[in-house]
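**Q** You'll find start-v6.txt just under this line, and it carries compact mmCIF, C-alpha atoms.
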```txt
# COMPACT_ATOMS: atom_id res chain seq x y z
CA LEU T 1 0.00 0.00 0.00
CA THR T 2 2.75 2.47 0.91
CA GLY T 3 4.49 1.54 -2.32
CA ALA T 4 1.39 2.47 -4.28
CA LEU T 5 1.37 5.90 -2.62
CA ALA T 6 5.09 6.52 -3.01
CA ASP T 7 4.95 7.49 -6.68
CA VAL T 8 1.39 8.59 -7.38
CA ARG T 9 1.09 9.98 -10.89
CA VAL T 10 -1.95 11.34 -12.67
CA SER T 11 -2.92 10.92 -16.32
CA ASP T 12 -3.82 14.48 -17.09
CA VAL T 13 -4.62 17.92 -15.72
CA ILE T 14 -8.28 18.62 -16.47
CA ASP T 15 -9.30 21.92 -14.92
CA ARG T 16 -8.84 24.40 -12.12
CA GLY T 17 -11.74 24.83 -9.71
CA ASN T 18 -15.30 23.82 -10.73
CA LEU T 19 -15.04 21.07 -8.10
CA ALA T 20 -18.75 20.23 -8.11
CA LYS T 21 -18.58 19.51 -11.84
CA TYR T 22 -16.12 16.71 -11.15
CA GLY T 23 -17.69 15.35 -7.96
CA LEU T 24 -14.89 16.76 -5.84
CA ASP T 25 -16.97 19.10 -3.69
CA VAL T 26 -18.16 15.97 -1.85
CA PRO T 27 -15.54 13.31 -2.70
CA SER T 28 -16.59 9.70 -2.99
CA ALA T 29 -13.33 8.57 -1.38
CA THR T 30 -10.37 10.12 0.42
CA CYS T 31 -6.97 8.69 1.20
CA THR T 32 -5.08 10.46 4.00
CA LEU T 33 -1.31 10.05 4.23
CA VAL T 34 0.76 11.12 7.26
CA THR T 35 4.50 11.35 6.70
CA GLN T 36 7.17 10.67 9.30
CA ALA T 37 7.81 14.39 9.40
CA GLY T 38 4.22 14.99 10.44
CA GLY T 39 2.96 16.24 7.10
CA ILE T 40 -0.63 15.34 6.23
CA HIS T 41 -1.78 14.92 2.64
CA HIS T 42 -5.15 14.00 1.16
CA LEU T 43 -5.96 12.36 -2.14
CA ARG T 44 -9.64 13.09 -2.84
CA VAL T 45 -11.50 11.08 -5.48
CA GLY T 46 -14.53 12.43 -7.34
CA ALA T 47 -16.71 11.30 -10.21
CA PRO T 48 -15.74 8.70 -12.82
CA ALA T 49 -14.04 9.95 -15.98
CA ASP T 50 -13.69 8.34 -19.40
CA GLY T 51 -11.86 5.06 -19.76
CA GLY T 52 -12.47 3.94 -16.18
CA ALA T 53 -10.39 6.78 -14.69
CA HIS T 54 -11.56 9.14 -11.92
CA TYR T 55 -11.20 12.84 -11.24
CA VAL T 56 -8.97 13.59 -8.25
CA ARG T 57 -7.48 16.52 -6.36
CA ARG T 58 -4.62 16.73 -3.88
CA ASP T 59 -5.03 18.38 -0.50
CA GLU T 60 -6.81 21.73 -0.94
CA ASP T 61 -5.36 22.35 -4.39
CA GLU T 62 -7.87 23.68 -6.92
CA LEU T 63 -6.30 21.67 -9.76
CA VAL T 64 -8.43 18.76 -11.02
CA PHE T 65 -6.55 15.75 -12.33
CA LYS T 66 -7.58 12.52 -14.01
CA MET T 67 -6.16 9.33 -12.48
CA ASP T 68 -6.23 5.84 -13.96
CA ARG T 69 -8.43 3.30 -12.23
CA TRP T 70 -5.71 0.71 -11.73
CA LYS T 71 -3.64 3.24 -9.77
CA LEU T 72 -6.59 3.94 -7.48
CA ASP T 73 -7.24 0.21 -7.03
CA ALA T 74 -3.73 -0.18 -5.63
CA ILE T 75 -4.52 2.46 -2.98
CA PHE T 76 -8.13 1.79 -2.00
CA LEU T 77 -7.80 -1.85 -1.03
CA GLY T 78 -10.56 -3.83 0.63
CA LEU T 79 -10.17 -4.95 4.23
CA SER T 80 -10.09 -8.57 3.06
CA GLN T 81 -6.62 -7.80 1.63
CA PHE T 82 -5.35 -7.41 5.19
CA VAL T 83 -7.55 -9.60 7.42
CA ASP T 84 -9.72 -12.66 6.95
CA LEU T 85 -13.30 -11.38 6.74
CA LYS T 86 -15.69 -14.21 7.51
CA ALA T 87 -19.45 -14.31 7.25
CA PRO T 88 -21.68 -17.10 8.62
CA THR T 89 -22.16 -19.97 6.18
CA PHE T 90 -25.07 -22.36 5.67
CA ALA T 91 -25.38 -25.74 4.00
CA GLN T 92 -26.62 -25.08 0.48
CA ASP T 93 -28.27 -28.49 0.15
CA GLU T 94 -30.31 -27.79 3.32
CA VAL T 95 -32.22 -24.95 1.64
CA VAL T 96 -35.86 -25.84 0.89
CA ASN T 97 -37.25 -22.41 -0.02
CA LEU T 98 -35.72 -19.50 -1.93
CA SER T 99 -37.15 -16.09 -2.82
CA ILE T 100 -35.63 -13.30 -4.89
CA GLU T 101 -36.92 -9.73 -5.02
CA ALA T 102 -35.34 -7.39 -7.53
CA GLU T 103 -36.37 -4.59 -9.88
CA GLY T 104 -39.97 -4.69 -8.71
CA ARG T 105 -40.32 -8.44 -9.36
CA ALA T 106 -40.63 -11.28 -6.85
CA PHE T 107 -39.84 -14.95 -7.45
CA GLU T 108 -40.23 -17.77 -4.97
CA PHE T 109 -39.22 -21.41 -5.31
CA ALA T 110 -39.55 -24.57 -3.24
CA ARG T 111 -37.28 -27.60 -3.41
CA GLU T 112 -38.81 -31.04 -2.98
CA ASP T 113 -36.94 -34.32 -3.53
CA GLY T 114 -34.06 -32.40 -5.07
CA ALA T 115 -36.22 -30.61 -7.68
CA TRP T 116 -37.24 -26.96 -7.73
CA ARG T 117 -40.75 -25.72 -8.52
CA ALA T 118 -42.08 -22.19 -8.83
CA LEU T 119 -44.38 -20.84 -6.12
CA ARG T 120 -44.39 -17.22 -7.26
CA PRO T 121 -45.31 -16.51 -9.97
CA LYS T 122 -47.40 -19.67 -9.90
CA VAL T 123 -46.52 -21.06 -13.31
CA GLU T 124 -46.21 -24.62 -14.53
CA LEU T 125 -42.71 -24.15 -15.87
CA GLU T 126 -39.71 -25.93 -14.45
CA PRO T 127 -37.16 -23.49 -12.99
CA LYS T 128 -33.52 -23.75 -14.01
CA GLY T 129 -32.04 -25.50 -10.99
CA ASP T 130 -28.43 -24.70 -11.92
CA ARG T 131 -29.20 -20.97 -11.89
CA LEU T 132 -30.92 -21.17 -8.51
CA ASP T 133 -27.93 -23.07 -7.15
CA LYS T 134 -25.72 -20.20 -8.31
CA VAL T 135 -27.85 -17.75 -6.28
CA LEU T 136 -27.59 -20.01 -3.23
CA LYS T 137 -23.84 -20.33 -3.60
CA VAL T 138 -23.57 -16.57 -3.12
CA VAL T 139 -26.00 -16.04 -0.22
CA THR T 140 -25.22 -19.17 1.81
CA ALA T 141 -21.49 -18.46 1.77
CA LEU T 142 -20.95 -14.70 1.45
CA GLN T 143 -17.43 -13.66 0.54
CA PRO T 144 -16.97 -10.17 2.05
CA GLN T 145 -14.41 -7.97 0.34
CA ASP T 146 -14.63 -5.07 2.74
CA LEU T 147 -16.40 -3.82 5.86
CA ALA T 148 -18.36 -0.57 5.80
CA THR T 149 -16.91 1.40 8.70
CA HIS T 150 -19.49 4.17 8.22
CA PRO T 151 -22.61 2.12 7.42
CA ALA T 152 -25.00 5.05 7.04
CA PRO T 153 -28.19 3.89 5.24
CA GLU T 154 -27.99 6.71 2.72
CA VAL T 155 -24.54 5.46 1.73
CA THR T 156 -25.01 1.70 1.80
CA GLY T 157 -28.63 1.53 0.64
CA VAL T 158 -29.31 -1.62 2.64
CA ASP T 159 -32.46 -0.12 4.16
CA ALA T 160 -33.93 0.33 0.65
CA PRO T 161 -32.18 -2.56 -1.10
CA ALA T 162 -31.90 -3.17 -4.82
CA THR T 163 -32.22 -6.93 -4.30
CA VAL T 164 -33.33 -9.14 -1.41
CA VAL T 165 -32.68 -12.88 -1.31
CA ARG T 166 -34.32 -14.97 1.41
CA PHE T 167 -33.90 -18.68 2.06
CA THR T 168 -35.30 -21.23 4.49
CA LEU T 169 -33.47 -24.31 5.77
CA LYS T 170 -34.98 -27.74 6.41
CA ASP T 171 -35.20 -27.01 10.15
CA GLY T 172 -37.29 -23.89 9.46
CA GLU T 173 -34.45 -21.44 10.08
CA GLU T 174 -34.86 -18.35 7.88
CA HIS T 175 -32.21 -15.97 6.60
CA GLY T 176 -32.05 -12.99 4.27
CA VAL T 177 -29.36 -11.13 2.37
CA VAL T 178 -29.98 -7.59 1.15
CA PHE T 179 -27.91 -5.98 -1.58
CA GLY T 180 -27.72 -2.18 -1.40
CA ASN T 181 -25.96 0.56 -3.33
CA GLU T 182 -22.94 0.24 -5.55
CA VAL T 183 -19.67 0.59 -3.66
CA PRO T 184 -17.63 3.63 -4.75
CA LEU T 185 -14.30 2.93 -6.44
CA THR T 186 -15.19 -0.67 -7.22
CA ASP T 187 -16.08 -2.34 -10.46
CA GLY T 188 -19.76 -2.61 -9.57
CA GLY T 189 -19.41 -4.16 -6.10
CA ARG T 190 -22.37 -3.89 -3.71
CA PHE T 191 -22.99 -3.31 -0.02
CA VAL T 192 -24.66 -6.33 1.63
CA ARG T 193 -26.13 -7.20 4.99
CA LEU T 194 -27.03 -10.64 6.33
CA ASP T 195 -30.21 -10.83 8.41
CA ASP T 196 -30.26 -8.04 11.03
CA ARG T 197 -26.55 -8.05 11.75
CA GLU T 198 -24.83 -4.76 12.45
CA GLU T 199 -22.06 -5.41 9.94
CA VAL T 200 -22.45 -4.15 6.42
CA TRP T 201 -20.00 -5.82 4.04
CA THR T 202 -19.22 -5.44 0.38
CA VAL T 203 -19.16 -8.15 -2.28
CA THR T 204 -17.89 -8.22 -5.84
CA ARG T 205 -19.92 -7.40 -8.92
CA ALA T 206 -19.72 -11.07 -9.94
CA ASN T 207 -21.42 -12.07 -6.67
CA TRP T 208 -24.02 -9.33 -7.16
CA ASN T 209 -24.78 -10.47 -10.71
CA ASP T 210 -25.09 -14.11 -9.62
CA ALA T 211 -27.57 -13.15 -6.89
CA LYS T 212 -30.05 -11.31 -9.16
CA PRO T 213 -31.00 -13.50 -12.12
CA GLY T 214 -33.39 -12.25 -14.77
CA VAL T 215 -36.56 -14.12 -15.66
CA SER T 216 -34.97 -15.67 -18.75
CA GLU T 217 -32.21 -17.06 -16.53
CA LEU T 218 -34.75 -18.63 -14.15
CA PHE T 219 -37.04 -20.27 -16.71
CA ASP T 220 -36.82 -21.69 -20.21
CA LEU T 221 -39.06 -19.22 -22.04
CA LYS T 222 -39.26 -21.13 -25.31
CA LEU T 223 -42.98 -21.29 -26.05
CA MET T 224 -43.40 -24.43 -28.12
CA ASP T 225 -40.88 -27.27 -28.16
CA PHE T 226 -41.48 -29.25 -31.34
CA ASP T 227 -39.80 -30.37 -34.55
CA PRO T 228 -41.45 -28.77 -37.61
CA GLU T 229 -40.92 -32.05 -39.48
CA GLU T 230 -43.22 -33.78 -36.97
CA VAL T 231 -46.24 -31.53 -37.67
CA THR T 232 -48.98 -33.25 -39.73
CA ALA T 233 -51.83 -30.71 -39.50
CA LEU T 234 -52.22 -27.02 -38.74
CA THR T 235 -55.25 -24.91 -37.81
CA LEU T 236 -55.13 -21.11 -37.77
CA ARG T 237 -57.79 -18.85 -36.27
CA ASP T 238 -58.08 -15.08 -36.50
CA ALA T 239 -60.68 -12.43 -37.26
CA SER T 240 -61.07 -13.94 -40.78
CA GLY T 241 -62.15 -17.28 -39.38
CA GLU T 242 -60.57 -20.73 -39.30
CA LEU T 243 -58.09 -22.14 -41.80
CA ARG T 244 -57.19 -25.84 -41.77
CA LEU T 245 -54.13 -27.26 -43.46
CA ALA T 246 -52.94 -30.83 -43.64
CA LEU T 247 -49.90 -32.68 -44.89
CA GLN T 248 -51.05 -35.06 -47.63
CA GLU T 249 -49.39 -37.62 -49.84
CA VAL T 250 -49.01 -36.60 -53.46
CA PRO T 251 -50.87 -38.96 -55.87
CA VAL T 252 -48.40 -40.94 -57.98
CA PRO T 253 -49.35 -42.90 -61.15
CA GLU T 254 -48.89 -46.67 -60.81
CA GLU T 255 -46.30 -46.81 -63.59
CA VAL T 256 -44.00 -44.37 -61.74
CA THR T 257 -41.16 -46.09 -59.87
CA GLY T 258 -38.32 -44.90 -57.72
CA GLU T 259 -38.31 -42.44 -54.83
CA LEU T 260 -41.76 -41.11 -53.92
CA PRO T 261 -42.31 -37.34 -53.69
CA GLU T 262 -42.52 -35.66 -50.30
CA PRO T 263 -46.01 -35.05 -48.83
CA LYS T 264 -47.42 -31.58 -49.53
CA TRP T 265 -49.32 -29.10 -47.41
CA VAL T 266 -52.83 -28.41 -48.69
CA VAL T 267 -55.77 -26.33 -47.50
CA GLU T 268 -58.56 -28.65 -46.39
CA GLY T 269 -61.87 -28.28 -48.22
CA LEU T 270 -60.36 -26.23 -51.03
CA VAL T 271 -59.59 -27.34 -54.58
CA GLN T 272 -56.07 -26.20 -55.39
CA SER T 273 -53.96 -26.37 -58.50
CA ALA T 274 -50.48 -27.90 -58.45
CA THR T 275 -49.05 -24.39 -58.75
CA ASP T 276 -51.06 -23.15 -55.75
CA ILE T 277 -50.03 -26.14 -53.67
CA GLU T 278 -46.36 -25.64 -54.50
CA ALA T 279 -46.56 -21.93 -53.58
CA LEU T 280 -48.11 -22.91 -50.23
CA GLN T 281 -45.17 -25.03 -49.07
CA GLY T 282 -42.65 -22.26 -48.37
CA THR T 283 -45.17 -20.19 -46.41
CA VAL T 284 -46.15 -23.12 -44.19
CA ARG T 285 -42.49 -23.97 -43.55
CA SER T 286 -41.82 -20.33 -42.60
CA LEU T 287 -44.80 -20.34 -40.23
CA LEU T 288 -43.72 -23.56 -38.51
CA SER T 289 -40.12 -22.36 -38.26
CA THR T 290 -41.28 -19.12 -36.63
CA LEU T 291 -43.50 -21.00 -34.18
CA SER T 292 -40.74 -23.43 -33.19
CA GLY T 293 -38.31 -20.59 -32.48
CA LEU T 294 -40.62 -18.40 -30.37
CA THR T 295 -39.13 -17.26 -27.06
CA ALA T 296 -40.98 -15.11 -24.55
CA SER T 297 -39.38 -12.02 -23.05
CA ASP T 298 -41.21 -12.30 -19.72
CA LEU T 299 -43.84 -14.28 -17.80
CA PHE T 300 -46.45 -13.75 -15.10
CA ASP T 301 -49.21 -15.69 -13.45
CA PHE T 302 -52.72 -14.80 -14.55
CA ALA T 303 -53.51 -13.10 -11.24
CA GLN T 304 -50.93 -10.43 -12.08
CA ALA T 305 -52.58 -9.12 -15.25
CA THR T 306 -55.99 -8.13 -16.55
CA ASP T 307 -57.28 -7.44 -20.06
CA THR T 308 -54.89 -9.92 -21.63
CA GLY T 309 -57.29 -10.64 -24.48
CA LEU T 310 -56.63 -14.37 -24.18
CA GLU T 311 -60.27 -15.19 -23.43
CA LYS T 312 -60.91 -14.41 -27.12
CA PRO T 313 -57.48 -14.63 -28.79
CA SER T 314 -56.76 -12.32 -31.71
CA TRP T 315 -54.72 -15.08 -33.36
CA SER T 316 -54.34 -18.78 -32.64
CA ALA T 317 -52.48 -21.77 -34.06
CA THR T 318 -53.05 -25.45 -33.25
CA LEU T 319 -50.49 -28.04 -34.37
CA MET T 320 -51.16 -31.76 -34.68
CA LEU T 321 -48.01 -33.83 -34.24
CA SER T 322 -47.18 -37.22 -35.71
CA ASP T 323 -47.29 -38.83 -32.25
CA GLY T 324 -50.90 -37.69 -31.79
CA GLY T 325 -50.10 -34.76 -29.51
CA THR T 326 -51.33 -31.21 -30.04
CA LEU T 327 -49.93 -27.78 -29.28
CA THR T 328 -51.96 -24.55 -29.26
CA LEU T 329 -50.62 -21.00 -29.09
CA ASP T 330 -52.95 -18.07 -28.43
CA LEU T 331 -52.04 -14.40 -28.91
CA GLY T 332 -53.93 -11.74 -26.97
CA GLN T 333 -53.80 -7.98 -26.49
CA PRO T 334 -50.64 -5.85 -26.56
CA ALA T 335 -48.88 -5.82 -23.19
CA GLU T 336 -46.11 -3.29 -22.60
CA ALA T 337 -44.74 -1.35 -25.54
CA GLY T 338 -43.47 -3.71 -28.21
CA THR T 339 -44.91 -6.89 -26.66
CA VAL T 340 -48.09 -8.98 -26.73
CA TYR T 341 -49.63 -11.44 -24.27
CA ALA T 342 -49.41 -15.10 -25.25
CA GLN T 343 -50.40 -18.48 -23.83
CA VAL T 344 -49.66 -22.08 -24.69
CA LYS T 345 -52.68 -24.23 -23.88
CA GLY T 346 -52.03 -26.54 -20.96
CA LYS T 347 -49.27 -24.36 -19.47
CA LYS T 348 -50.28 -22.26 -16.49
CA ALA T 349 -48.19 -19.26 -17.47
CA LEU T 350 -48.97 -15.87 -18.92
CA LEU T 351 -46.18 -15.16 -21.37
CA VAL T 352 -45.10 -11.90 -22.96
CA LEU T 353 -43.93 -12.19 -26.55
CA PRO T 354 -42.04 -9.51 -28.53
CA SER T 355 -44.33 -7.91 -31.10
CA HIS T 356 -42.08 -8.61 -34.11
CA PRO T 357 -42.46 -12.42 -34.20
CA ALA T 358 -46.17 -12.05 -33.32
CA GLN T 359 -46.65 -9.77 -36.33
CA ARG T 360 -44.66 -12.20 -38.46
CA LEU T 361 -47.05 -15.02 -37.54
CA GLN T 362 -50.08 -12.91 -38.40
CA GLU T 363 -48.58 -11.87 -41.73
CA LEU T 364 -47.83 -15.49 -42.67
CA GLY T 365 -51.38 -16.46 -41.69
CA LYS T 366 -52.80 -13.81 -44.00
CA LYS T 367 -50.54 -14.98 -46.81
CA LEU T 368 -51.85 -18.52 -46.47
CA ARG T 369 -55.39 -17.23 -46.94
CA GLU T 370 -54.61 -15.40 -50.16
```
Once more with this new file: its structure as structure tokens, please.

**A**
Amino acid sequence: LTGALADVRVSDVIDRGNLAKYGLDVPSATCTLVTQAGGIHHLRVGAPADGGAHYVRRDEDELVFKMDRWKLDAIFLGLSQFVDLKAPTFAQDEVVNLSIEAEGRAFEFAREDGAWRALRPKVELEPKGDRLDKVLKVVTALQPQDLATHPAPEVTGVDAPATVVRFTLKDGEEHGVVFGNEVPLTDGGRFVRLDDREEVWTVTRANWNDAKPGVSELFDLKLMDFDPEEVTALTLRDASGELRLALQEVPVPEEVTGELPEPKWVVEGLVQSATDIEALQGTVRSLLSTLSGLTASDLFDFAQATDTGLEKPSWSATLMLSDGGTLTLDLGQPAEAGTVYAQVKGKKALLVLPSHPAQRLQELGKKLRE
């Protein structure tokens, strides 16, 4: 540490005065150095600058400098660099309930016989167990990097946390970890507090990111898992009515030998020319390809939304598979900007689909009716 301070150099001189402009009127960090001769010097750190650097000033000098981040990192070391900071640990495999609250969303999961299921939102989708285990790895064995020696709530943010993770052990013991504000002069580290302990620690950005998964990390949001080659019939419904298509064998004269032609998609109940049938094939393949690749951007349970439009879908597709199974996708009303509500029959989940693929499906449906 003293070596890092012995030859402090700055990258550039930026300005004189205007301290508030550079965050130096109320510095985010200060390093105080006392020499053997009794001299006292201060290195004050302000707002971030370009390229990961920070604005700094020395003592009461009005000059504003820019200092590279790596030089500051060598000075502002975490307490864990000097002492062994230990937080209580808990057996990860003893956790039977886990909840995550972040960015206005709440998720809750229960583990039974080694498998996770969703309690909130109450959806019939299997959670990604590996991702939940990653959350537990962080909160059941916190790795403090530093200790907040001035744990004022307005600084740490733990009283109005960005993320809260709670877990319950098999014996009923409950614990919670709150993640507060970003720690100054770190690469996105966060203040944390375990339960109601007095200590407020800091953890790395990697730990913070692992503790706050997004919805797409918690669930597989692919709407319909099927192979387009296994679809034998297709029914579309929209404001124009119902359109039925089926995969049919192409008639072949008896005298023809060799490899038989592939089955063709046809519109049921409609006399079509060979040219019309051939033109139909590419559109059906595009429709099935779009359906098989659909991925939702979000999900809810039905108690969380009203006016979804799924009672009377604006567009619907039912697929008949070669094994006798069926899949039905319904599209409802627009949700947030650029999205639409969707539901797969038989799955208790309200899904939100980006508008672009939804519009693509509707356009292909219209083309098939032409």

**Q** If we count all atoms listed in the file, what is near Asp146 (chain T) at a cut-off of 7 Å, once residues fewer than 3 positions away on the same chain are taken out, given as an MDAnalysis selection string?

**A** chainID T and resid 78:80 201:202

**Q** Taking only C-alpha atoms into account, name the residue in T:Arg166, T:Arg190, T:Lys345, T:Arg16 that is nearest to Leu98 (chain T).

**A**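 The answer is T:Arg166, which sits nearest to Leu98 (chain T).
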
**Q** Write out as an NGL selection string the residues lying within 10 Å of region 294-302 of chain T, counting only C-alpha atoms and excluding same-chain residues fewer than 5 positions away.

**A** :T and (105 or 120-124 or 214-216 or 219-225 or 289 or 308 or 339-343 or 348-354 or 357-358)

**Q** Have a look at CA of Leu119 (chain T) and CA of Phe107 (chain T) and let me know their distance in Å, one decimal.

**A**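 Computing the Euclidean distance for CA of Leu119 (chain T) and CA of Phe107 (chain T) yields 7.6 Å.
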
**Q** Have a look at T:Glu199, T:Glu268, T:Glu182, T:Asp15 and name the one nearest to Pro144 (chain T); count only C-alpha atoms.

**A**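 Under the stated criterion, the closest residue is T:Glu199.
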
**Q** Which of these, T:Leu319, T:Leu364, T:Ala102, T:Ala29, has the shortest distance to Asp238 (chain T) once you count all atoms listed in the file?

**A** T:Leu364

**Q** Nearest residue to Pro334 (chain T) out of T:Gly309, T:Gly293, T:Pro261, T:Gly346, using all atoms listed in the file?

**A**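 Of all the options, T:Gly309 lies closest to Pro334 (chain T).
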
**Q** Compute the distance from (-38.6, -20.3, -3.4) to each atom, counting all atoms listed in the file, keep the residues with any atom at most 10 Å away, and return them as a ChimeraX atom specification; use the coordinates of the file.

**A** /T:95-100,106-111,116-120,132,165-168

**Q** Go ahead and compute the interatomic distance for CA of Glu60 (chain T) and CA of Cys31 (chain T), in Å to one decimal.

**A**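 These atoms are spaced 13.2 Å apart.
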
**Q** Enter the distance from CA of Val177 (chain T) to CA of Glu112 (chain T), in Å, rounded to one decimal.

**A**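 Straight-line distance from CA of Val177 (chain T) to CA of Glu112 (chain T) works out to 22.7 Å.
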
**Q** Using only C-alpha atoms, which protein or nucleic acid residues come within 7 Å of region 235-237 of chain T? Drop anything in the same chain fewer than 4 positions from it, and give the result as a PyMOL selection string.

**A** chain T and resi 241-245+315-319

**Q** Take the residues just selected and output them with C-alpha atoms as an mmCIF file, in the coordinates of the input.

**A**
```
data_model
loop_
_atom_site.group_PDB
_atom_site.id
_atom_site.type_symbol
_atom_site.label_atom_id
_atom_site.label_comp_id
_atom_site.auth_asym_id
_atom_site.auth_seq_id
_atom_site.Cartn_x
_atom_site.Cartn_y
_atom_site.Cartn_z
ATOM 1 C CA GLY T 241 -62.150 -17.280 -39.380
ATOM 2 C CA GLU T 242 -60.570 -20.730 -39.300
ATOM 3 C CA LEU T 243 -58.090 -22.140 -41.800
ATOM 4 C CA ARG T 244 -57.190 -25.840 -41.770
ATOM 5 C CA LEU T 245 -54.130 -27.260 -43.460
ATOM 6 C CA TRP T 315 -54.720 -15.080 -33.360
ATOM 7 C CA SER T 316 -54.340 -18.780 -32.640
ATOM 8 C CA ALA T 317 -52.480 -21.770 -34.060
ATOM 9 C CA THR T 318 -53.050 -25.450 -33.250
ATOM 10 C CA LEU T 319 -50.490 -28.040 -34.370
#
```

**Q** May I have the protein, DNA and RNA residues with an atom at most 7 Å from (-53.5, -24.6, -27.7), counting all atoms listed in the file in the file's coordinates, returned as a VMD selection string?

**A** chain T and resid 318 327 to 330 344 to 345

**Q** Taking into account all atoms listed in the file, which residue in the set T:His42, T:Lys212, T:Lys137, T:Arg197 is nearest to Glu101 (chain T)?

**A** T:Lys212

**Q** Calculated over all atoms listed in the file, which of the candidates T:Ser292, T:Gln333, T:Met320, T:Leu280 has the smallest distance to Leu368 (chain T)?

**A** T:Leu280
